[in-house]
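Reproduced below: query.cif, with mmCIF, C-alpha atoms.
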```cif
data_coords
loop_
_atom_site.label_atom_id
_atom_site.label_comp_id
_atom_site.auth_asym_id
_atom_site.auth_seq_id
_atom_site.Cartn_x
_atom_site.Cartn_y
_atom_site.Cartn_z
CA MET A 1 -31.63 -10.82 4.22
CA ILE A 2 -28.96 -9.41 6.41
CA PHE A 3 -29.37 -6.07 8.05
CA GLY A 4 -26.17 -5.92 9.98
CA ARG A 5 -26.42 -2.25 10.77
CA THR A 6 -29.65 -2.36 12.71
CA GLU A 7 -28.18 -4.65 15.30
CA ARG A 8 -25.35 -2.29 16.04
CA GLY A 9 -25.90 0.48 18.48
CA LYS A 10 -23.14 2.83 17.48
CA ALA A 11 -21.53 3.71 14.23
CA PRO A 12 -18.22 1.93 13.57
CA VAL A 13 -15.09 3.86 14.50
CA GLU A 14 -13.34 5.51 11.59
CA PRO A 15 -9.66 4.96 12.27
CA VAL A 16 -6.76 7.22 11.41
CA THR A 17 -4.60 5.19 9.05
CA LEU A 18 -0.86 5.50 8.56
CA LYS A 19 1.57 3.61 6.39
CA ILE A 20 5.20 2.61 6.52
CA LEU A 21 6.89 1.21 3.44
CA VAL A 22 9.21 -1.77 3.47
CA ALA A 23 11.65 -1.67 0.58
CA GLY A 24 14.71 -3.61 -0.45
CA GLY A 25 15.90 -6.08 -3.02
CA PHE A 26 14.16 -9.23 -4.12
CA GLY A 27 14.19 -11.96 -1.49
CA VAL A 28 15.62 -9.77 1.27
CA GLY A 29 12.71 -10.57 3.59
CA LYS A 30 10.21 -7.75 3.08
CA THR A 31 7.12 -9.92 3.33
CA THR A 32 8.69 -11.85 6.22
CA LEU A 33 9.18 -8.57 8.09
CA VAL A 34 5.60 -7.51 7.40
CA GLY A 35 4.32 -10.90 8.54
CA ALA A 36 6.33 -10.79 11.77
CA VAL A 37 4.28 -7.92 13.19
CA SER A 38 1.07 -7.92 11.17
CA GLU A 39 -2.10 -9.02 12.93
CA ILE A 40 -3.29 -10.48 9.65
CA LYS A 41 -1.49 -12.83 7.31
CA PRO A 42 0.11 -10.47 4.78
CA LEU A 43 -2.47 -9.73 2.13
CA ARG A 44 -1.72 -9.31 -1.50
CA THR A 45 -3.11 -6.59 -3.68
CA GLU A 46 -2.54 -6.38 -7.35
CA GLU A 47 -2.31 -3.56 -9.77
CA LEU A 48 -2.44 -3.99 -13.51
CA LEU A 49 0.20 -2.15 -15.44
CA THR A 50 -2.39 -0.95 -17.90
CA GLU A 51 -4.41 0.54 -15.06
CA ALA A 52 -5.54 4.14 -15.57
CA GLY A 53 -4.43 3.81 -19.19
CA ARG A 54 -1.10 5.45 -18.48
CA PRO A 55 -0.58 7.43 -21.65
CA VAL A 56 3.17 6.98 -21.53
CA ASP A 57 2.86 3.24 -21.94
CA ASP A 58 3.48 2.68 -25.59
CA THR A 59 2.45 -0.89 -26.13
CA SER A 60 2.76 -0.89 -29.90
CA GLY A 61 4.93 -3.75 -30.98
CA VAL A 62 4.43 -5.62 -27.74
CA GLU A 63 0.76 -6.50 -28.16
CA GLY A 64 1.53 -10.07 -27.19
CA LYS A 65 2.52 -8.85 -23.74
CA HIS A 66 -1.08 -8.05 -22.77
CA THR A 67 -0.68 -6.73 -19.29
CA THR A 68 1.58 -7.01 -16.30
CA THR A 69 0.43 -7.64 -12.80
CA VAL A 70 2.37 -6.14 -9.96
CA ALA A 71 1.78 -7.58 -6.54
CA MET A 72 2.17 -5.70 -3.30
CA ASP A 73 2.02 -7.44 0.04
CA PHE A 74 0.78 -5.58 3.04
CA GLY A 75 0.01 -6.11 6.69
CA ARG A 76 -1.95 -4.30 9.36
CA ILE A 77 -1.30 -3.39 12.97
CA THR A 78 -4.23 -2.00 14.94
CA LEU A 79 -2.52 0.14 17.56
CA ARG A 80 -5.77 1.41 18.94
CA GLU A 81 -9.35 1.13 17.85
CA ASP A 82 -8.92 4.46 16.08
CA LEU A 83 -5.28 4.17 14.98
CA VAL A 84 -4.17 1.66 12.38
CA LEU A 85 -0.71 1.23 10.89
CA TYR A 86 -0.29 -0.46 7.52
CA LEU A 87 2.98 -1.90 6.29
CA PHE A 88 3.45 -2.11 2.54
CA GLY A 89 6.14 -4.19 0.91
CA THR A 90 7.19 -2.37 -2.24
CA PRO A 91 7.36 -4.25 -5.51
CA GLY A 92 10.93 -5.47 -5.88
CA GLN A 93 11.45 -4.92 -9.56
CA ASP A 94 12.93 -1.59 -10.58
CA ARG A 95 10.61 -1.20 -13.52
CA PHE A 96 7.69 -0.65 -11.18
CA TRP A 97 9.08 2.51 -9.67
CA PHE A 98 6.03 4.48 -10.72
CA LEU A 99 4.01 2.42 -8.27
CA TRP A 100 6.33 3.47 -5.51
CA ASP A 101 5.32 7.08 -5.97
CA GLU A 102 1.78 6.20 -5.16
CA LEU A 103 2.80 4.08 -2.20
CA ALA A 104 5.18 6.72 -0.91
CA THR A 105 2.62 9.51 -1.00
CA GLY A 106 1.63 10.24 2.55
CA ALA A 107 3.86 7.53 4.01
CA LEU A 108 5.15 8.11 7.49
CA GLY A 109 8.53 6.69 6.56
CA ALA A 110 10.25 3.61 5.25
CA VAL A 111 12.42 0.67 6.15
CA VAL A 112 15.08 -0.25 3.62
CA LEU A 113 15.88 -3.87 4.30
CA ALA A 114 19.43 -4.82 3.41
CA ASP A 115 21.31 -8.09 3.07
CA THR A 116 25.05 -7.68 3.57
CA ARG A 117 25.76 -10.42 1.04
CA ARG A 118 24.24 -8.28 -1.69
CA LEU A 119 24.12 -4.79 -0.36
CA GLU A 120 23.88 -3.30 -3.84
CA ASP A 121 20.30 -4.61 -4.10
CA CYS A 122 19.12 -1.84 -1.82
CA PHE A 123 20.98 1.05 -3.48
CA ALA A 124 17.98 1.91 -5.61
CA ALA A 125 15.65 2.10 -2.61
CA VAL A 126 18.09 4.29 -0.66
CA ASP A 127 18.36 6.64 -3.64
CA TYR A 128 14.63 6.77 -4.02
CA PHE A 129 13.89 7.81 -0.45
CA GLU A 130 16.82 10.22 -0.30
CA ARG A 131 15.68 12.05 -3.42
CA ARG A 132 12.13 12.36 -2.22
CA SER A 133 13.09 13.35 1.30
CA ILE A 134 11.17 10.47 2.82
CA PRO A 135 12.58 9.55 6.23
CA PHE A 136 13.94 6.01 6.20
CA VAL A 137 15.85 3.58 8.36
CA VAL A 138 18.17 0.90 7.03
CA GLY A 139 17.50 -2.46 8.62
CA VAL A 140 20.26 -4.97 8.09
CA ASN A 141 18.58 -8.34 8.03
CA CYS A 142 20.93 -10.72 9.80
CA PHE A 143 20.60 -13.87 7.77
CA GLU A 144 22.07 -17.01 9.19
CA GLY A 145 25.34 -17.77 7.49
CA ALA A 146 25.96 -14.19 6.44
CA SER A 147 28.91 -12.51 8.08
CA ARG A 148 28.06 -9.72 10.48
CA TYR A 149 29.40 -6.28 9.81
CA PRO A 150 29.42 -3.34 12.17
CA VAL A 151 26.63 -0.90 11.33
CA GLU A 152 29.23 1.77 10.60
CA ASP A 153 30.63 -0.34 7.77
CA VAL A 154 27.16 -0.70 6.31
CA ARG A 155 26.59 3.03 6.64
CA GLN A 156 29.81 3.73 4.81
CA ALA A 157 29.16 1.19 2.09
CA LEU A 158 25.76 2.77 1.45
CA ASP A 159 27.15 6.30 1.76
CA LEU A 160 24.36 7.23 4.13
CA ASP A 161 23.76 10.56 5.74
CA ALA A 162 24.87 10.54 9.39
CA ALA A 163 21.27 11.12 10.50
CA VAL A 164 19.94 7.95 8.87
CA PRO A 165 19.65 5.19 11.46
CA VAL A 166 21.13 1.80 10.62
CA VAL A 167 19.91 -1.08 12.74
CA LEU A 168 20.63 -4.78 12.79
CA CYS A 169 17.47 -6.84 12.78
CA ASP A 170 15.90 -10.20 12.29
CA ALA A 171 12.99 -9.87 9.88
CA ARG A 172 11.42 -13.00 11.38
CA GLY A 173 11.45 -11.71 14.92
CA ARG A 174 8.48 -9.75 16.16
CA GLU A 175 10.42 -7.87 18.84
CA SER A 176 13.21 -7.04 16.44
CA VAL A 177 10.81 -5.73 13.80
CA LYS A 178 8.93 -3.70 16.40
CA GLU A 179 12.22 -1.98 17.28
CA VAL A 180 12.87 -1.20 13.62
CA LEU A 181 9.41 0.32 13.21
CA ILE A 182 9.78 2.40 16.37
CA GLU A 183 13.09 3.62 14.97
CA VAL A 184 11.31 4.68 11.76
CA VAL A 185 8.68 6.69 13.63
CA GLN A 186 11.27 8.31 15.90
CA HIS A 187 13.40 9.19 12.90
CA ALA A 188 10.34 10.63 11.12
CA MET A 189 9.62 12.79 14.17
CA ALA A 190 13.18 14.06 14.36
CA TYR A 191 13.16 14.63 10.64
CA ALA A 192 9.95 16.66 10.79
CA ALA A 193 11.28 18.68 13.72
CA GLY A 194 14.45 19.39 11.76
CA ARG A 195 12.48 20.56 8.77
CA ARG A 196 10.29 22.82 10.89
CA HIS A 197 13.42 24.29 12.37
CA THR A 198 14.83 24.96 8.92
CA VAL A 199 11.63 26.64 7.80
CA THR A 200 11.19 28.85 10.83
CA GLY A 201 14.84 29.44 11.67
CA MET B 1 -12.46 -19.69 -34.43
CA SER B 2 -10.10 -17.28 -36.03
CA GLY B 3 -8.87 -17.79 -39.57
CA ASP B 4 -5.19 -17.56 -40.29
CA GLY B 5 -5.49 -14.28 -42.07
CA GLN B 6 -7.24 -12.59 -39.18
CA GLU B 7 -4.86 -13.70 -36.52
CA LEU B 8 -2.46 -10.88 -37.20
CA SER B 9 -4.96 -8.08 -36.86
CA HIS B 10 -7.35 -9.30 -34.19
CA TRP B 11 -7.14 -10.61 -30.70
CA PHE B 12 -9.41 -13.44 -29.72
CA ASP B 13 -10.26 -14.83 -26.35
CA ASP B 14 -7.21 -15.01 -24.13
CA GLU B 15 -5.10 -13.16 -26.66
CA ALA B 16 -7.03 -10.03 -25.84
CA GLY B 17 -5.37 -10.14 -22.46
CA PRO B 18 -6.69 -10.64 -18.96
CA VAL B 19 -7.08 -6.89 -18.56
CA VAL B 20 -10.47 -7.10 -20.18
CA ARG B 21 -12.03 -9.18 -17.49
CA PRO B 22 -11.42 -7.18 -14.33
CA TYR B 23 -12.33 -3.95 -16.01
CA ALA B 24 -15.52 -5.42 -17.43
CA MET B 25 -16.85 -4.87 -13.91
CA THR B 26 -16.29 -1.18 -14.30
CA ARG B 27 -17.69 -1.23 -17.84
CA GLY B 28 -14.25 -0.41 -19.12
CA ARG B 29 -13.77 2.67 -16.99
CA THR B 30 -10.40 3.17 -15.41
CA THR B 31 -11.27 6.34 -13.51
CA SER B 32 -14.32 7.36 -11.55
CA PRO B 33 -16.25 10.60 -12.10
CA GLY B 34 -14.96 11.98 -8.82
CA GLN B 35 -11.50 11.72 -10.36
CA HIS B 36 -9.85 11.59 -7.00
CA ARG B 37 -7.20 8.96 -6.77
CA LEU B 38 -7.91 7.08 -3.60
CA ASP B 39 -4.96 6.29 -1.43
CA LEU B 40 -4.44 2.63 -0.59
CA ILE B 41 -5.04 3.43 3.07
CA ALA B 42 -8.04 5.70 2.55
CA VAL B 43 -10.84 4.24 4.67
CA VAL B 44 -14.22 3.44 3.15
CA VAL B 45 -17.23 3.72 5.45
CA THR B 46 -20.78 2.75 4.55
CA GLU B 47 -23.22 5.60 5.15
CA GLU B 48 -25.54 4.77 8.00
CA TYR B 49 -28.60 5.65 5.98
CA ALA B 50 -27.50 3.54 3.01
CA SER B 51 -30.46 1.36 2.10
CA ASP B 52 -30.22 -2.28 1.17
CA PRO B 53 -27.79 -2.21 -1.76
CA GLU B 54 -29.09 -5.52 -3.08
CA ALA B 55 -32.33 -3.83 -3.98
CA ASP B 56 -30.48 -1.40 -6.23
CA ASN B 57 -30.41 -2.87 -9.71
CA SER B 58 -27.79 -0.45 -10.93
CA LEU B 59 -25.20 -1.97 -8.61
CA SER B 60 -23.02 -4.92 -9.50
CA PRO B 61 -22.44 -7.74 -7.00
CA GLU B 62 -19.00 -6.26 -6.35
CA HIS B 63 -20.54 -2.90 -5.47
CA VAL B 64 -22.86 -4.66 -3.05
CA ASP B 65 -19.92 -6.54 -1.51
CA ILE B 66 -18.12 -3.28 -0.82
CA VAL B 67 -21.16 -1.68 0.82
CA GLU B 68 -21.71 -4.76 3.01
CA LEU B 69 -18.04 -5.20 3.97
CA CYS B 70 -17.68 -1.57 4.95
CA ARG B 71 -20.90 -1.64 6.92
CA ASP B 72 -19.49 -4.27 9.26
CA ALA B 73 -16.27 -2.35 9.75
CA PRO B 74 -14.60 0.48 7.84
CA GLN B 75 -12.04 -0.94 5.39
CA SER B 76 -9.04 0.50 3.63
CA VAL B 77 -8.90 0.47 -0.16
CA ALA B 78 -6.02 -2.03 -0.02
CA GLU B 79 -7.97 -4.40 2.22
CA LEU B 80 -11.02 -4.23 -0.02
CA ALA B 81 -8.91 -5.06 -3.06
CA ALA B 82 -7.35 -8.03 -1.28
CA GLU B 83 -10.66 -9.21 0.16
CA LEU B 84 -12.50 -9.02 -3.17
CA ASP B 85 -9.45 -10.26 -5.08
CA LEU B 86 -9.69 -7.42 -7.56
CA PRO B 87 -7.00 -5.10 -8.91
CA ILE B 88 -6.73 -1.85 -7.00
CA GLY B 89 -7.65 0.16 -10.07
CA VAL B 90 -10.96 -1.68 -10.38
CA VAL B 91 -11.79 -1.26 -6.71
CA ARG B 92 -11.10 2.47 -6.96
CA VAL B 93 -13.62 2.87 -9.77
CA LEU B 94 -16.24 0.86 -7.88
CA ILE B 95 -15.73 2.93 -4.74
CA GLY B 96 -15.99 6.08 -6.85
CA ASP B 97 -19.41 4.91 -8.08
CA LEU B 98 -20.57 4.27 -4.53
CA VAL B 99 -19.36 7.67 -3.35
CA GLU B 100 -21.28 9.21 -6.23
CA ASP B 101 -24.40 7.29 -5.15
CA GLU B 102 -23.78 8.40 -1.56
CA LEU B 103 -23.76 4.84 -0.31
CA VAL B 104 -20.27 5.12 1.14
CA ARG B 105 -17.92 7.89 2.11
CA VAL B 106 -14.16 7.91 2.12
CA THR B 107 -12.10 9.34 4.94
CA ARG B 108 -8.85 10.78 3.77
CA PRO B 109 -5.57 9.76 5.25
CA VAL B 110 -3.03 12.38 6.21
CA PRO B 111 -2.54 14.73 3.26
CA PRO B 112 0.49 13.95 1.13
CA ALA B 113 3.74 15.75 1.94
CA GLU B 114 2.50 16.35 5.45
CA LEU B 115 3.52 14.33 8.42
CA PRO B 116 0.84 13.50 10.92
CA ASP B 117 0.66 15.31 14.20
CA GLU B 118 3.49 14.75 16.60
CA SER B 119 0.97 13.49 19.15
CA ILE B 120 -0.20 10.83 16.71
CA LEU B 121 3.40 9.75 16.11
CA ARG B 122 3.91 9.46 19.85
CA ASP B 123 0.78 7.31 20.04
CA VAL B 124 2.17 5.11 17.27
CA ILE B 125 5.41 4.61 19.17
CA SER B 126 3.70 3.73 22.43
CA GLY B 127 1.27 1.51 20.54
CA LEU B 128 4.15 -0.38 18.93
CA ARG B 129 5.91 -0.75 22.27
CA ALA B 130 2.75 -2.19 23.80
CA LEU B 131 2.34 -4.84 21.10
#
```
Would you mind writing the structure in this file as structure tokens?
Amino acid sequence: MIFGRTERGKAPVEPVTLKILVAGGFGVGKTTLVGAVSEIKPLRTEELLTEAGRPVDDTSGVEGKHTTTVAMDFGRITLREDLVLYLFGTPGQDRFWFLWDELATGALGAVVLADTRRLEDCFAAVDYFERRSIPFVVGVNCFEGASRYPVEDVRQALDLDAAVPVVLCDARGRESVKEVLIEVVQHAMAYAAGRRHTVTG
Amino acid sequence: MSGDGQELSHWFDDEAGPVVRPYAMTRGRTTSPGQHRLDLIAVVVTEEYASDPEADNSLSPEHVDIVELCRDAPQSVAELAAELDLPIGVVRVLIGDLVEDELVRVTRPVPPAELPDESILRDVISGLRAL
């Protein structure tokens, strides 16, 4: 029998946990970005579409469909023993938007990863975060072979608010991804300060 | 084996869908009595006074796994789901049972629609820089 607890002198630290979402179209490099900074190999969690018996899911006529599994990849960065940051890659398919709501609740902010060869793939994510007033940063993943565009062109093409940061990045590069995440947190801070100012002023 | 006539009105074996299996662990329940929807980053901590869960016949092996995993180190709901290879919905119900039995407690992440303290955000930035 294992009595792990008796060997330990002090109770384990209960960390403060935070999350940043990584959104963008299919194949844009979300899991790559998570893996570049995560201390663990990105883990996969699954949610069944029938979970919680969502009453709005009318499955009559599609009984053969059974159930749908949605996978979400996530990584972890332990910043301090008592401070842990989780990165969640959002499910790429649009029909799983309802899962985003759950992921987005309480999120610090988001990265919308964009590929300039198919910029339209990230429109939906930009819309989503704009509508819900979730601070986000657009990271333009610089794929080899894709032509580089100035960030201002990307901003214009996405019709972004002037306050939304657009950064060029390499989703495979740890340093590059770190910069993107720092940008998200800084933007979230500025965003929160702006909101406080609006409320009090 | 199913007869031809029955095939239209009944599901057999795999036709019933894989949903049956994971939720068999929760005895078909999709919500826990506590009703709170646990965030993916809510942290589960085993209560220090929790006795040997293996001795508790009312607990499933998966319940026991959760108590043991979270005794070694607090775990987020997402990590538990990945570690146990179970859908998040199932893990939530199991955790709900354990909270009810007072074997584990759940620490809440920052409340929704509220940003964490500015000092925490500063710590996050310096932590990221130091990586």
Counting all atoms listed in the file, the option among B:Ala82, B:Val77, B:Val44, B:Val104 closest to chain A: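 Among the listed residues, the smallest separation from chain A belongs to B:Ala82.
The smallest atom-to-atom distance between Phe88 in chain A and any of B:Ala24, B:Ala78, B:Val43, B:Leu59, using all atoms listed in the file, is found for B:Ala78.
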Picked residues, the PyMOL selection byres ((chain B and resi 87) around 7), expected as a list in words: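 On this input, the PyMOL selection byres ((chain B and resi 87) around 7) captures Thr45, Glu46, Glu47 and Leu48 of chain A; Ala81, Asp85, Leu86, Ile88, Gly89, Val90 and Val91 of chain B.
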From A:Lys178, A:Arg172, A:Lys41, A:Arg195, residue lying nearest chain B [only C-alpha atoms]: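 Result for the nearest residue to chain B: A:Lys178.
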Test item: chain B residues at most 9 Å from chain A, counting all atoms listed in the file, as JSON, numbers by chain: {"B": [15, 16, 17, 18, 19, 29, 30, 31, 39, 40, 41, 42, 43, 44, 45, 48, 52, 68, 71, 72, 73, 74, 76, 78, 79, 81, 82, 83, 85, 86, 87, 88, 89, 90, 107, 108, 109, 110, 111, 112, 113, 114, 115, 116, 118, 120, 121, 122, 123, 124, 125, 126, 127, 128, 129, 130, 131]}
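Rounded to one decimal, CA of Arg27 in chain B and CA of Trp97 in chain A lie 28.2 Å from each other.
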Result set of the PyMOL selection byres ((chain B and resi 95) around 9) on the coordinates above, as a PyMOL selection string: chain B and resi 32+38+44+63+66+77+90-94+96-100+104-106
Any chance you could model N, CA and C atoms for range 163-187 of chain A and send them as an mmCIF file, in the frame of the given file?
```
data_model
loop_
_atom_site.group_PDB
_atom_site.id
_atom_site.type_symbol
_atom_site.label_atom_id
_atom_site.label_comp_id
_atom_site.auth_asym_id
_atom_site.auth_seq_id
_atom_site.Cartn_x
_atom_site.Cartn_y
_atom_site.Cartn_z
ATOM 1 N N ALA A 163 22.520 11.129 9.752
ATOM 2 C CA ALA A 163 21.270 11.120 10.500
ATOM 3 C C ALA A 163 20.437 9.858 10.252
ATOM 4 N N VAL A 164 20.754 9.130 9.200
ATOM 5 C CA VAL A 164 19.940 7.950 8.870
ATOM 6 C C VAL A 164 20.299 6.788 9.788
ATOM 7 N N PRO A 165 19.347 6.309 10.563
ATOM 8 C CA PRO A 165 19.650 5.190 11.460
ATOM 9 C C PRO A 165 19.900 3.885 10.697
ATOM 10 N N VAL A 166 20.882 3.144 11.161
ATOM 11 C CA VAL A 166 21.130 1.800 10.620
ATOM 12 C C VAL A 166 20.984 0.835 11.794
ATOM 13 N N VAL A 167 20.117 -0.140 11.643
ATOM 14 C CA VAL A 167 19.910 -1.080 12.740
ATOM 15 C C VAL A 167 20.034 -2.516 12.250
ATOM 16 N N LEU A 168 20.592 -3.355 13.100
ATOM 17 C CA LEU A 168 20.630 -4.780 12.790
ATOM 18 C C LEU A 168 19.300 -5.375 13.205
ATOM 19 N N CYS A 169 18.766 -6.266 12.404
ATOM 20 C CA CYS A 169 17.470 -6.840 12.780
ATOM 21 C C CYS A 169 17.321 -8.259 12.279
ATOM 22 N N ASP A 170 16.285 -8.882 12.766
ATOM 23 C CA ASP A 170 15.900 -10.200 12.290
ATOM 24 C C ASP A 170 14.474 -10.068 11.789
ATOM 25 N N ALA A 171 14.305 -10.122 10.473
ATOM 26 C CA ALA A 171 12.990 -9.870 9.880
ATOM 27 C C ALA A 171 11.935 -10.875 10.326
ATOM 28 N N ARG A 172 12.385 -11.989 10.931
ATOM 29 C CA ARG A 172 11.420 -13.000 11.380
ATOM 30 C C ARG A 172 10.949 -12.733 12.796
ATOM 31 N N GLY A 173 11.724 -11.909 13.496
ATOM 32 C CA GLY A 173 11.450 -11.710 14.920
ATOM 33 C C GLY A 173 10.540 -10.528 15.188
ATOM 34 N N ARG A 174 9.463 -10.793 15.880
ATOM 35 C CA ARG A 174 8.480 -9.750 16.160
ATOM 36 C C ARG A 174 9.080 -8.588 16.953
ATOM 37 N N GLU A 175 9.829 -8.916 18.004
ATOM 38 C CA GLU A 175 10.420 -7.870 18.840
ATOM 39 C C GLU A 175 11.411 -7.026 18.033
ATOM 40 N N SER A 176 12.202 -7.717 17.251
ATOM 41 C CA SER A 176 13.210 -7.040 16.440
ATOM 42 C C SER A 176 12.551 -6.087 15.437
ATOM 43 N N VAL A 177 11.501 -6.558 14.795
ATOM 44 C CA VAL A 177 10.810 -5.730 13.800
ATOM 45 C C VAL A 177 10.116 -4.551 14.466
ATOM 46 N N LYS A 178 9.546 -4.798 15.640
ATOM 47 C CA LYS A 178 8.930 -3.700 16.400
ATOM 48 C C LYS A 178 9.932 -2.577 16.628
ATOM 49 N N GLU A 179 11.163 -2.965 17.050
ATOM 50 C CA GLU A 179 12.220 -1.980 17.280
ATOM 51 C C GLU A 179 12.525 -1.180 16.024
ATOM 52 N N VAL A 180 12.576 -1.880 14.891
ATOM 53 C CA VAL A 180 12.870 -1.200 13.620
ATOM 54 C C VAL A 180 11.773 -0.179 13.311
ATOM 55 N N LEU A 181 10.529 -0.576 13.526
ATOM 56 C CA LEU A 181 9.410 0.320 13.210
ATOM 57 C C LEU A 181 9.406 1.530 14.145
ATOM 58 N N ILE A 182 9.710 1.286 15.418
ATOM 59 C CA ILE A 182 9.780 2.400 16.370
ATOM 60 C C ILE A 182 10.875 3.374 15.919
ATOM 61 N N GLU A 183 11.978 2.800 15.473
ATOM 62 C CA GLU A 183 13.090 3.620 14.970
ATOM 63 C C GLU A 183 12.621 4.496 13.786
ATOM 64 N N VAL A 184 11.821 3.924 12.914
ATOM 65 C CA VAL A 184 11.310 4.680 11.760
ATOM 66 C C VAL A 184 10.480 5.872 12.230
ATOM 67 N N VAL A 185 9.574 5.620 13.169
ATOM 68 C CA VAL A 185 8.680 6.690 13.630
ATOM 69 C C VAL A 185 9.477 7.773 14.352
ATOM 70 N N GLN A 186 10.443 7.331 15.183
ATOM 71 C CA GLN A 186 11.270 8.310 15.900
ATOM 72 C C GLN A 186 12.083 9.149 14.915
ATOM 73 N N HIS A 187 12.613 8.474 13.907
ATOM 74 C CA HIS A 187 13.400 9.190 12.900
ATOM 75 C C HIS A 187 12.501 10.177 12.140
#
```
